[in-house]
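Listing of run-v6.cif; format and content: mmCIF, C-alpha atoms.
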data_data
#
loop_
_atom_site.label_atom_id
_atom_site.label_comp_id
_atom_site.auth_asym_id
_atom_site.auth_seq_id
_atom_site.Cartn_x
_atom_site.Cartn_y
_atom_site.Cartn_z
CA MET A 123 -33.10 27.72 17.33
CA THR A 124 -33.97 25.30 14.53
CA PRO A 125 -34.09 26.96 11.10
CA ASP A 126 -37.48 26.96 9.39
CA PRO A 127 -37.25 23.91 7.07
CA GLU A 128 -39.77 25.19 4.55
CA ALA A 129 -38.04 28.55 4.28
CA PHE A 130 -34.78 26.74 3.63
CA ARG A 131 -36.45 24.50 1.05
CA ALA A 132 -37.79 27.59 -0.73
CA GLU A 133 -34.29 29.11 -0.75
CA VAL A 134 -32.82 25.95 -2.27
CA ARG A 135 -35.53 25.77 -4.93
CA ALA A 136 -35.03 29.41 -5.88
CA PHE A 137 -31.30 28.83 -6.29
CA LEU A 138 -31.86 25.72 -8.42
CA ASP A 139 -34.37 27.52 -10.63
CA ALA A 140 -31.86 30.31 -11.23
CA GLU A 141 -28.63 28.35 -11.67
CA LEU A 142 -29.42 24.86 -12.95
CA THR A 143 -29.26 24.96 -16.75
CA ASP A 144 -30.82 22.58 -19.25
CA GLU A 145 -27.35 21.35 -20.17
CA MET A 146 -26.65 20.47 -16.53
CA ARG A 147 -29.96 18.59 -16.22
CA GLU A 148 -29.23 16.75 -19.45
CA ALA A 149 -25.81 15.74 -18.14
CA ALA A 150 -27.46 14.26 -15.05
CA VAL A 151 -29.91 12.23 -17.09
CA LYS A 152 -27.22 10.96 -19.45
CA SER A 153 -24.85 9.85 -16.72
CA THR A 154 -24.10 6.14 -17.01
CA SER A 155 -21.71 5.97 -14.04
CA VAL A 156 -20.76 7.91 -10.93
CA PHE A 157 -18.90 10.25 -13.29
CA THR A 158 -21.29 12.60 -15.04
CA PRO A 159 -20.34 14.42 -18.28
CA PHE A 160 -17.38 16.59 -17.34
CA ALA A 161 -17.97 20.15 -18.55
CA PRO A 162 -21.56 20.69 -17.33
CA CYS A 163 -20.76 18.93 -14.07
CA MET A 164 -17.83 21.23 -13.31
CA ALA A 165 -19.92 24.27 -14.29
CA TRP A 166 -22.52 23.12 -11.76
CA GLN A 167 -19.87 22.76 -9.03
CA GLN A 168 -18.66 26.27 -9.76
CA ALA A 169 -22.21 27.60 -9.41
CA LEU A 170 -22.60 25.81 -6.07
CA ALA A 171 -19.22 27.11 -4.89
CA ALA A 172 -20.21 30.68 -5.70
CA LYS A 173 -23.27 30.19 -3.48
CA GLY A 174 -21.19 28.52 -0.75
CA TRP A 175 -22.95 25.16 -1.12
CA ALA A 176 -20.37 23.03 -2.96
CA ALA A 177 -19.31 21.02 0.11
CA PRO A 178 -21.89 21.47 2.85
CA ARG A 179 -20.31 18.87 5.15
CA TRP A 180 -16.83 20.40 5.09
CA PRO A 181 -15.79 22.48 8.13
CA ALA A 182 -17.35 25.92 8.08
CA ASP A 183 -13.96 27.67 7.93
CA GLN A 184 -13.21 25.76 4.71
CA GLY A 185 -16.49 26.52 2.92
CA GLY A 186 -18.86 24.09 4.64
CA CYS A 187 -22.35 24.89 5.84
CA GLU A 188 -23.38 24.71 9.47
CA TRP A 189 -26.65 23.03 8.54
CA THR A 190 -28.78 20.72 10.60
CA ASP A 191 -29.25 17.12 9.43
CA ALA A 192 -32.74 18.15 8.28
CA GLN A 193 -31.27 20.88 6.09
CA HIS A 194 -28.78 18.45 4.54
CA ASP A 195 -31.67 16.09 3.77
CA ILE A 196 -33.77 18.85 2.23
CA PHE A 197 -30.83 19.96 0.10
CA GLU A 198 -30.31 16.43 -1.27
CA GLU A 199 -34.03 15.97 -1.88
CA GLU A 200 -34.28 19.19 -3.87
CA LEU A 201 -31.13 18.44 -5.90
CA GLN A 202 -32.69 15.16 -6.99
CA ALA A 203 -36.11 16.65 -7.64
CA ALA A 204 -34.57 19.34 -9.84
CA GLY A 205 -32.43 16.86 -11.78
CA ALA A 206 -29.04 18.27 -10.76
CA PRO A 207 -25.94 16.31 -11.83
CA ALA A 208 -23.94 14.52 -9.15
CA LEU A 209 -20.63 16.23 -8.48
CA LEU A 210 -17.50 14.37 -9.53
CA PRO A 211 -16.18 12.53 -6.46
CA HIS A 212 -12.41 12.95 -6.71
CA ASN A 213 -12.42 16.62 -5.69
CA LEU A 214 -14.93 17.18 -2.91
CA LYS A 215 -15.41 13.65 -1.59
CA MET A 216 -11.89 12.25 -1.73
CA ILE A 217 -8.78 14.44 -1.99
CA GLY A 218 -10.48 17.40 -0.30
CA PRO A 219 -11.48 15.55 2.90
CA LEU A 220 -8.09 13.79 2.94
CA LEU A 221 -6.21 17.09 2.89
CA LEU A 222 -8.54 18.49 5.54
CA ASP A 223 -7.54 15.57 7.76
CA LEU A 224 -3.88 14.98 6.90
CA GLY A 225 -2.61 17.84 4.75
CA THR A 226 -0.05 20.35 5.98
CA PRO A 227 -1.18 23.97 6.47
CA GLU A 228 0.71 24.85 3.28
CA GLN A 229 -1.02 22.07 1.31
CA LYS A 230 -4.45 23.12 2.56
CA ALA A 231 -3.83 26.73 1.60
CA LYS A 232 -2.51 25.74 -1.83
CA TYR A 233 -5.01 23.09 -2.90
CA LEU A 234 -8.32 23.39 -1.03
CA PRO A 235 -9.55 26.61 -2.70
CA GLY A 236 -9.27 25.10 -6.20
CA ILE A 237 -10.78 21.80 -5.08
CA TYR A 238 -13.77 23.61 -3.61
CA SER A 239 -14.32 26.11 -6.42
CA GLY A 240 -14.08 23.60 -9.24
CA THR A 241 -11.25 25.45 -10.96
CA ASP A 242 -9.05 22.38 -10.40
CA PHE A 243 -9.95 18.78 -11.15
CA TRP A 244 -8.03 15.85 -9.67
CA CYS A 245 -7.68 12.31 -10.98
CA GLN A 246 -6.63 9.28 -8.91
CA GLY A 247 -3.47 7.39 -9.85
CA TYR A 248 -3.72 4.05 -8.06
CA SER A 249 -4.19 1.02 -10.32
CA GLU A 250 -1.39 -0.24 -12.52
CA PRO A 251 -1.03 -3.12 -14.96
CA GLY A 252 -0.72 -6.05 -12.57
CA ALA A 253 -1.51 -3.92 -9.49
CA GLY A 254 -5.23 -3.29 -9.20
CA SER A 255 -6.89 -5.02 -6.26
CA ASP A 256 -3.38 -6.05 -5.13
CA LEU A 257 -2.31 -2.44 -4.81
CA ALA A 258 0.63 -3.27 -2.57
CA SER A 259 2.42 -4.71 -5.60
CA LEU A 260 2.52 -1.39 -7.47
CA LYS A 261 5.78 -0.58 -9.27
CA CYS A 262 5.52 3.06 -10.38
CA ALA A 263 8.76 4.37 -8.87
CA ALA A 264 9.62 7.73 -7.38
CA VAL A 265 13.36 8.14 -6.83
CA ALA A 266 14.54 11.05 -4.68
CA ASP A 267 16.80 13.59 -6.39
CA GLY A 268 17.40 16.56 -4.12
CA ASP A 269 14.11 18.32 -3.41
CA GLU A 270 12.32 16.36 -6.13
CA TYR A 271 11.16 12.88 -7.02
CA VAL A 272 11.79 11.45 -10.47
CA LEU A 273 8.80 9.32 -11.52
CA ASN A 274 8.92 6.37 -13.92
CA GLY A 275 6.16 3.84 -14.52
CA SER A 276 2.49 3.86 -15.43
CA LYS A 277 -1.06 3.93 -14.09
CA THR A 278 -4.19 2.54 -15.71
CA TRP A 279 -7.98 2.85 -15.33
CA THR A 280 -7.37 6.47 -14.31
CA THR A 281 -10.82 8.02 -14.58
CA TYR A 282 -11.03 11.36 -16.41
CA ALA A 283 -7.24 11.80 -16.49
CA HIS A 284 -7.68 13.45 -19.89
CA HIS A 285 -9.74 16.18 -18.18
CA ALA A 286 -7.66 16.54 -15.01
CA ASN A 287 -5.07 19.18 -14.31
CA ARG A 288 -3.90 17.57 -11.05
CA MET A 289 -3.41 14.02 -9.73
CA PHE A 290 -3.06 12.28 -6.39
CA LEU A 291 -1.25 8.97 -6.68
CA LEU A 292 0.63 6.20 -4.92
CA VAL A 293 4.27 5.61 -5.85
CA ARG A 294 6.97 3.25 -4.66
CA THR A 295 9.76 5.10 -2.85
CA ARG A 296 11.40 2.08 -1.20
CA PHE A 297 11.86 -1.40 -2.65
CA GLU A 298 13.12 -3.36 0.36
CA GLY A 299 11.04 -4.65 3.26
CA LYS A 300 7.28 -5.22 3.28
CA PRO A 301 5.71 -3.85 0.10
CA GLN A 302 3.12 -1.80 2.00
CA GLN A 303 5.88 0.01 3.88
CA GLY A 304 7.59 1.45 0.80
CA ILE A 305 4.65 3.37 -0.75
CA THR A 306 4.26 7.16 -0.67
CA PHE A 307 1.15 9.28 -1.29
CA LEU A 308 2.07 12.08 -3.69
CA LEU A 309 0.38 15.08 -5.33
CA ILE A 310 1.06 16.21 -8.91
CA ASP A 311 0.43 19.90 -9.47
CA ASP A 312 0.20 19.85 -13.26
CA MET A 313 -0.76 16.97 -15.57
CA LYS A 314 1.16 18.77 -18.32
CA THR A 315 4.43 18.31 -16.42
CA PRO A 316 7.15 17.14 -18.86
CA GLY A 317 7.36 13.36 -18.82
CA ILE A 318 3.62 12.75 -18.20
CA GLU A 319 1.55 11.28 -21.06
CA VAL A 320 -2.18 10.53 -20.90
CA ARG A 321 -3.79 8.05 -23.30
CA PRO A 322 -7.60 7.64 -23.17
CA ILE A 323 -9.04 4.11 -23.17
CA ILE A 324 -12.14 3.60 -25.35
CA ALA A 325 -14.47 1.41 -23.29
CA LEU A 326 -17.13 -1.05 -24.45
CA ASP A 327 -19.73 1.71 -24.34
CA GLY A 328 -17.66 3.75 -26.81
CA PHE A 329 -16.58 6.51 -24.43
CA PRO A 330 -13.12 7.35 -23.02
CA GLU A 331 -13.93 7.56 -19.31
CA GLN A 332 -10.74 5.73 -18.31
CA CYS A 333 -7.14 6.48 -19.26
CA GLU A 334 -3.60 5.18 -19.10
CA VAL A 335 -0.98 7.55 -17.67
CA PHE A 336 2.74 7.10 -18.36
CA PHE A 337 5.61 8.70 -16.41
CA THR A 338 9.05 9.08 -17.98
CA ASP A 339 11.50 10.97 -15.76
CA ALA A 340 8.68 13.26 -14.61
CA ARG A 341 9.74 15.51 -11.73
CA VAL A 342 7.51 16.25 -8.72
CA PRO A 343 8.48 18.25 -5.58
CA ARG A 344 9.03 16.14 -2.47
CA ALA A 345 7.02 18.79 -0.60
CA ASN A 346 3.95 17.26 -2.32
CA ILE A 347 3.98 14.21 -0.04
CA VAL A 348 0.81 13.75 2.04
CA GLY A 349 1.67 12.14 5.36
CA ALA A 350 5.11 10.63 5.83
CA GLU A 351 7.44 9.28 3.18
CA HIS A 352 7.02 5.50 2.73
CA ASP A 353 3.73 5.64 4.72
CA GLY A 354 1.38 6.15 1.79
CA TRP A 355 -0.40 2.88 2.53
CA THR A 356 -1.76 4.40 5.75
CA VAL A 357 -2.79 7.58 3.92
CA ALA A 358 -4.52 5.57 1.19
CA LYS A 359 -6.48 3.55 3.76
CA HIS A 360 -7.59 6.82 5.35
CA LEU A 361 -8.84 8.08 1.99
CA LEU A 362 -10.73 4.82 1.36
CA LYS A 363 -13.29 5.60 4.05
CA TYR A 364 -14.32 8.59 1.93
CA GLU A 365 -14.10 6.74 -1.39
CA ARG A 366 -16.22 3.81 -0.18
CA GLY A 367 -18.70 5.52 2.11
CA GLY A 368 -18.26 9.27 1.88
CA GLY A 369 -21.50 10.13 0.13
CA ALA A 370 -25.14 9.16 0.02
CA PRO A 371 -25.63 6.58 -2.78
CA ALA A 372 -29.42 6.37 -2.56
CA PRO A 373 -30.31 9.60 -4.41
CA GLY A 374 -28.54 8.54 -7.61
CA LEU A 375 -30.02 5.04 -7.47
CA ARG A 376 -33.45 6.53 -6.85
CA ARG A 377 -33.05 8.65 -9.98
CA LYS A 378 -32.26 5.54 -12.04
CA LEU A 379 -35.42 3.85 -10.80
CA ILE A 380 -37.44 6.87 -11.91
CA GLN A 381 -35.92 6.50 -15.39
CA VAL A 382 -36.86 2.81 -15.38
CA GLN A 383 -40.42 3.55 -14.29
CA ARG A 384 -40.95 6.25 -16.92
CA ALA A 385 -39.50 4.11 -19.69
CA ALA A 386 -41.69 1.14 -18.71
CA ALA A 387 -44.75 3.38 -18.80
CA ALA A 388 -43.88 4.30 -22.39
CA ARG A 389 -43.52 0.66 -23.56
CA ASP A 390 -46.44 -0.79 -25.51
CA ASP A 391 -46.35 -4.52 -26.20
CA GLY A 392 -48.47 -4.14 -29.33
CA PHE A 393 -51.63 -5.26 -27.60
CA GLY A 394 -52.34 -2.05 -25.73
CA ASN A 395 -50.53 -3.14 -22.56
CA LYS A 396 -47.78 -1.19 -20.80
CA MET A 397 -44.79 -2.86 -19.19
CA SER A 398 -45.38 -0.68 -16.14
CA ASP A 399 -48.76 -2.38 -15.64
CA ASP A 400 -47.29 -5.88 -15.52
CA PRO A 401 -47.51 -7.28 -11.95
CA ALA A 402 -44.14 -9.04 -12.20
CA PHE A 403 -42.45 -5.80 -13.27
CA GLN A 404 -44.21 -3.87 -10.51
CA GLU A 405 -42.99 -6.40 -7.94
CA ARG A 406 -39.35 -6.13 -9.08
CA LEU A 407 -39.53 -2.34 -9.19
CA GLY A 408 -41.07 -2.27 -5.72
CA GLU A 409 -38.40 -4.56 -4.28
CA LEU A 410 -35.63 -2.40 -5.69
CA ALA A 411 -37.31 0.78 -4.48
CA ALA A 412 -37.56 -0.69 -0.98
CA GLU A 413 -33.87 -1.62 -1.05
CA VAL A 414 -32.93 1.92 -2.10
CA GLU A 415 -34.92 3.36 0.81
CA SER A 416 -33.33 0.83 3.18
CA LEU A 417 -29.88 1.89 1.93
CA ASP A 418 -30.83 5.52 2.50
CA HIS A 419 -31.83 4.77 6.10
CA LEU A 420 -28.55 2.92 6.66
CA PHE A 421 -26.69 6.02 5.48
CA ARG A 422 -28.69 8.24 7.83
CA VAL A 423 -28.11 5.95 10.83
CA CYS A 424 -24.48 4.90 10.32
CA SER A 425 -22.75 7.81 8.59
CA PRO A 426 -20.94 10.27 10.88
CA ARG A 427 -23.63 12.95 10.60
CA GLY A 428 -23.17 15.72 13.08
CA GLY A 429 -19.44 15.03 13.44
CA GLY A 430 -19.66 11.63 15.15
CA GLU A 431 -17.18 8.81 14.70
CA MET A 432 -17.60 6.54 11.68
CA ASP A 433 -18.09 2.84 12.39
CA PRO A 434 -15.02 1.10 10.88
CA ALA A 435 -17.21 -1.32 8.92
CA TYR A 436 -19.56 1.36 7.58
CA PRO A 437 -17.66 2.28 4.36
CA SER A 438 -17.41 -1.39 3.37
CA MET A 439 -21.10 -1.93 4.09
CA MET A 440 -22.19 1.04 1.97
CA LYS A 441 -19.84 0.19 -0.87
CA THR A 442 -20.99 -3.44 -1.05
CA LEU A 443 -24.71 -2.76 -0.78
CA SER A 444 -24.77 0.18 -3.21
CA ALA A 445 -22.68 -1.70 -5.82
CA ASP A 446 -24.91 -4.78 -5.70
CA LEU A 447 -28.06 -2.68 -5.83
CA GLY A 448 -26.77 -0.60 -8.74
CA GLN A 449 -26.13 -3.76 -10.74
CA SER A 450 -29.66 -5.02 -10.02
CA ILE A 451 -31.14 -1.73 -11.24
CA ALA A 452 -28.94 -1.91 -14.35
CA ALA A 453 -30.29 -5.39 -15.10
CA LEU A 454 -33.86 -4.11 -14.90
CA MET A 455 -32.95 -1.25 -17.24
CA ILE A 456 -31.75 -3.81 -19.80
CA GLU A 457 -35.01 -5.74 -19.46
CA VAL A 458 -37.06 -2.60 -20.05
CA ALA A 459 -34.93 -1.59 -23.05
CA GLY A 460 -35.48 -4.98 -24.69
CA VAL A 461 -33.43 -6.70 -27.35
CA GLU A 462 -34.55 -4.30 -30.07
CA GLY A 463 -33.14 -1.33 -28.18
CA LEU A 464 -29.68 -2.62 -27.43
CA PRO A 465 -27.97 -1.89 -30.78
CA ARG A 466 -28.91 1.80 -30.45
CA GLN A 467 -26.59 2.79 -27.65
CA LEU A 468 -24.52 5.89 -28.15
CA GLU A 469 -26.55 8.46 -30.04
CA ALA A 470 -28.36 9.74 -26.95
CA LEU A 471 -25.36 10.01 -24.64
CA GLU A 472 -23.71 13.08 -26.11
CA VAL A 473 -24.84 16.19 -24.23
CA GLY A 474 -26.59 18.39 -26.75
CA SER A 475 -28.04 15.58 -28.89
CA ASP A 476 -31.69 15.72 -29.92
CA VAL A 477 -32.62 12.42 -28.25
CA ASP A 478 -34.62 12.50 -25.02
CA PRO A 479 -33.41 9.53 -22.93
CA LEU A 480 -36.51 9.69 -20.71
CA SER A 481 -38.72 8.92 -23.70
CA SER A 482 -38.78 5.70 -25.70
CA GLU A 483 -35.07 6.32 -26.40
CA PHE A 484 -34.31 5.23 -22.83
CA ASP A 485 -32.85 2.06 -24.31
CA MET A 486 -29.86 4.04 -25.54
CA LEU A 487 -28.75 4.56 -21.93
CA ALA A 488 -29.44 1.07 -20.67
CA MET A 489 -26.50 -0.91 -22.02
CA PRO A 490 -23.78 1.71 -21.31
CA TYR A 491 -25.03 1.96 -17.73
CA TRP A 492 -25.12 -1.83 -17.38
CA LEU A 493 -21.57 -2.13 -18.73
CA ASN A 494 -20.27 0.53 -16.35
CA ALA A 495 -22.11 -1.00 -13.40
CA ARG A 496 -20.10 -4.21 -13.83
CA ALA A 497 -17.07 -2.35 -12.49
CA THR A 498 -18.72 -1.15 -9.28
CA THR A 499 -18.15 -4.44 -7.47
CA ILE A 500 -14.44 -4.28 -8.39
CA TYR A 501 -13.19 -0.71 -7.99
CA ALA A 502 -12.38 0.81 -4.57
CA GLY A 503 -11.76 -2.74 -3.36
CA SER A 504 -13.81 -5.64 -4.66
CA ASN A 505 -16.99 -6.66 -2.85
CA GLU A 506 -15.29 -9.91 -1.82
CA ILE A 507 -12.63 -7.87 -0.02
CA GLN A 508 -15.32 -5.67 1.54
CA ARG A 509 -17.19 -8.66 2.95
CA ASP A 510 -13.96 -9.97 4.45
CA LEU A 511 -13.38 -6.60 6.11
CA ILE A 512 -16.95 -6.56 7.45
CA ALA A 513 -16.52 -10.07 8.85
CA ARG A 514 -13.32 -9.13 10.66
CA ARG A 515 -14.50 -5.78 11.99
CA VAL A 516 -18.03 -6.75 13.00
CA LEU A 517 -17.96 -10.50 13.62
CA GLY A 518 -14.40 -10.74 14.87
#

What's the C-alpha cells form of this structure?
Amino acid sequence: MTPDPEAFRAEVRAFLDAELTDEMREAAVKSTSVFTPFAPCMAWQQALAAKGWAAPRWPADQGGCEWTDAQHDIFEEELQAAGAPALLPHNLKMIGPLLLDLGTPEQKAKYLPGIYSGTDFWCQGYSEPGAGSDLASLKCAAVADGDEYVLNGSKTWTTYAHHANRMFLLVRTRFEGKPQQGITFLLIDDMKTPGIEVRPIIALDGFPEQCEVFFTDARVPRANIVGAEHDGWTVAKHLLKYERGGGAPAPGLRRKLIQVQRAAAARDDGFGNKMSDDPAFQERLGELAAEVESLDHLFRVCSPRGGGEMDPAYPSMMKTLSADLGQSIAALMIEVAGVEGLPRQLEALEVGSDVDPLSSEFDMLAMPYWLNARATTIYAGSNEIQRDLIARRVLG
C-alpha cells in the first residue's frame, strides 16, 4: 500500500508549524555556507530527532524512516518551503553513515545515539599545513603506547571545531612504505582531552567558521580506530562518497535563488525600474534556476535511493556540479547587492539582529556567501581532482 501523499504532507506541515522557531528560520536565511549558525541548527536537529525524522535515510533500526521516495521528496519540499535550516553535515551525513557501514558493534552503540539526537557534534580533522588536497602527506602522528595512541601535530581548516565535543581524524601511525598505507582513521571522544587546543580562524567575512587544532601528547584509546590500523586511507575514501554526494544540494541552492529574486524585486534604479524586470537579469536567473532543477533530477536518478548501489562517479559529479553552480549563484548575488551594498556585510549575519536579510539589506549576506563559495571547488577534493576521477571511472 502506498501512503497517502497529501496526508503525509499535512503531517509534515503540522510538525513544522509546531517546532520550527523564528530563530531557526533566521539561521537558515543567514547561512552563508553549508554550515548554518550552530546553536539554532542543533536545536532543530534535536527537534527532528525527538520526532524520529533526523535521518530519514538511515536504516530503520537506527532511527531511519521507511518512507517511499515520494515521501522523502515531500519532506524536503516542505522543509524548504517552511525555511528550515540545513542540518550540519558532519554528524548525520558523514560520520554517522560511515559508522553504520564500518563501525564495530561497540562503536555503533557508543556513538550513533548522540550523532542522531544532536547531543554530540563532530568535527573533521583532515587538512594540515602542507597537507590539504595532498592528504597522503599528512604528518600528525599517533604513536602507540599500550592501549592508547599519543598524538602530536596539528590540523587546520577544521570547521566548527570550537563548537565540537568529538572529532574524527586521520593520523599517521606508520612512517615507512607508501604514505597512504600508514594512515589510521581515529575517533576522539572529547575535544577537551588534555593536550588538545583549538584556535578559531577569523575568515575574510569576519566569522570564525574554521579553526586550527593542536595536539601535544594527547592520548586517545586505540579502540577508537575505525577499520584497520594503517588502513585509514581506505576508510577515508569510503567516507568521501557521503561527503561529496551524500545529500541533495538543490534545495539549498534553490533557496539562494529565491533570496536573489526577492532582493532584485526590491531594487529600484532611481527611475522606477526594478532589477527583477530587466530581461538580462531574468535570463540569468532563469538559466540558473534551470541548472538547479537539472541538478535535482540528477540526484533523483543517480543517488542510491531505495537502497541501490551508488555509481562510483556519482559523488564526484554531484560535488563538481553543485560547487560550480553555487559559485555562479554567489556571483549573481553580488551583482544584485551592487557596489554600494558591499561595505555593509556583517551586521545582518548575527542571529537575533534587527536586520531582515530578505529585504533591501540582502546585500549584507552577498559578499560573505560569495567568499565562502570560493572554497567549495577546493574542499572535499578540488573540482580538478573530481573531473579526473570522472574521466577515469566513466570514460576509462

Exercise for the section: Would you mind listing what lies within 12 Å of Asp242 in chain A as an MDAnalysis selection string, with all atoms listed in the file counted and same-chain residues fewer than 3 positions away left out? Expected result: chainID A and resid 164:165 167:168 210 212:214 217:218 232:239 245 285:289 310:313

Problem - d(CA of Pro181 in chain A, CA of Leu361 in chain A) in Å - result: 17.1 Å

Exercise for the section: Name the residues captured by the PyMOL selection byres ((chain A and resi 450) around 12) when it is applied to the shown file; answer as a count of residues only. Expected result: 31

Practice task
Just say which residues the PyMOL selection byres ((chain A and resi 333-350) around 9) picks in this file, as number ranges by chain.
Solution key: A: 220-221, 224-226, 229, 247, 250, 262, 264, 266, 268-284, 306-311, 315-324, 330-332, 351-354, 356-357

Practice task
Find the distance between CA of Leu511 in chain A and CA of Ala258 in chain A and write it in Å to one decimal.
Solution key: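 Interatomic distance, CA of Leu511 in chain A to CA of Ala258 in chain A: 16.8 Å.
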
Practice task
Choose the residue, out of A:Phe130, A:Leu260, A:Gly460, A:Trp166, that has the smallest atom-to-atom separation from Asp144 in chain A; count only C-alpha atoms.
Solution key: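 Closest candidate: A:Trp166.
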
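Excluding Val458 in chain A itself and any same-chain residue fewer than 6 positions from it, the protein and nucleic acid residues within 8 Å of it, counting all atoms listed in the file, are Val382, Ala385, Ala386, Met397 and Asp485 of chain A.
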
Got time to write the residues from that selection, C-alpha atoms, as a PDB file, in the coordinates of the input?
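again08.pdb was written with the following content:
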ATOM      1  CA  VAL A 382     -36.860   2.810 -15.380  1.00  0.00           C
ATOM      2  CA  ALA A 385     -39.500   4.110 -19.690  1.00  0.00           C
ATOM      3  CA  ALA A 386     -41.690   1.140 -18.710  1.00  0.00           C
ATOM      4  CA  MET A 397     -44.790  -2.860 -19.190  1.00  0.00           C
ATOM      5  CA  ASP A 485     -32.850   2.060 -24.310  1.00  0.00           C
TER       6      ASP A 485
END
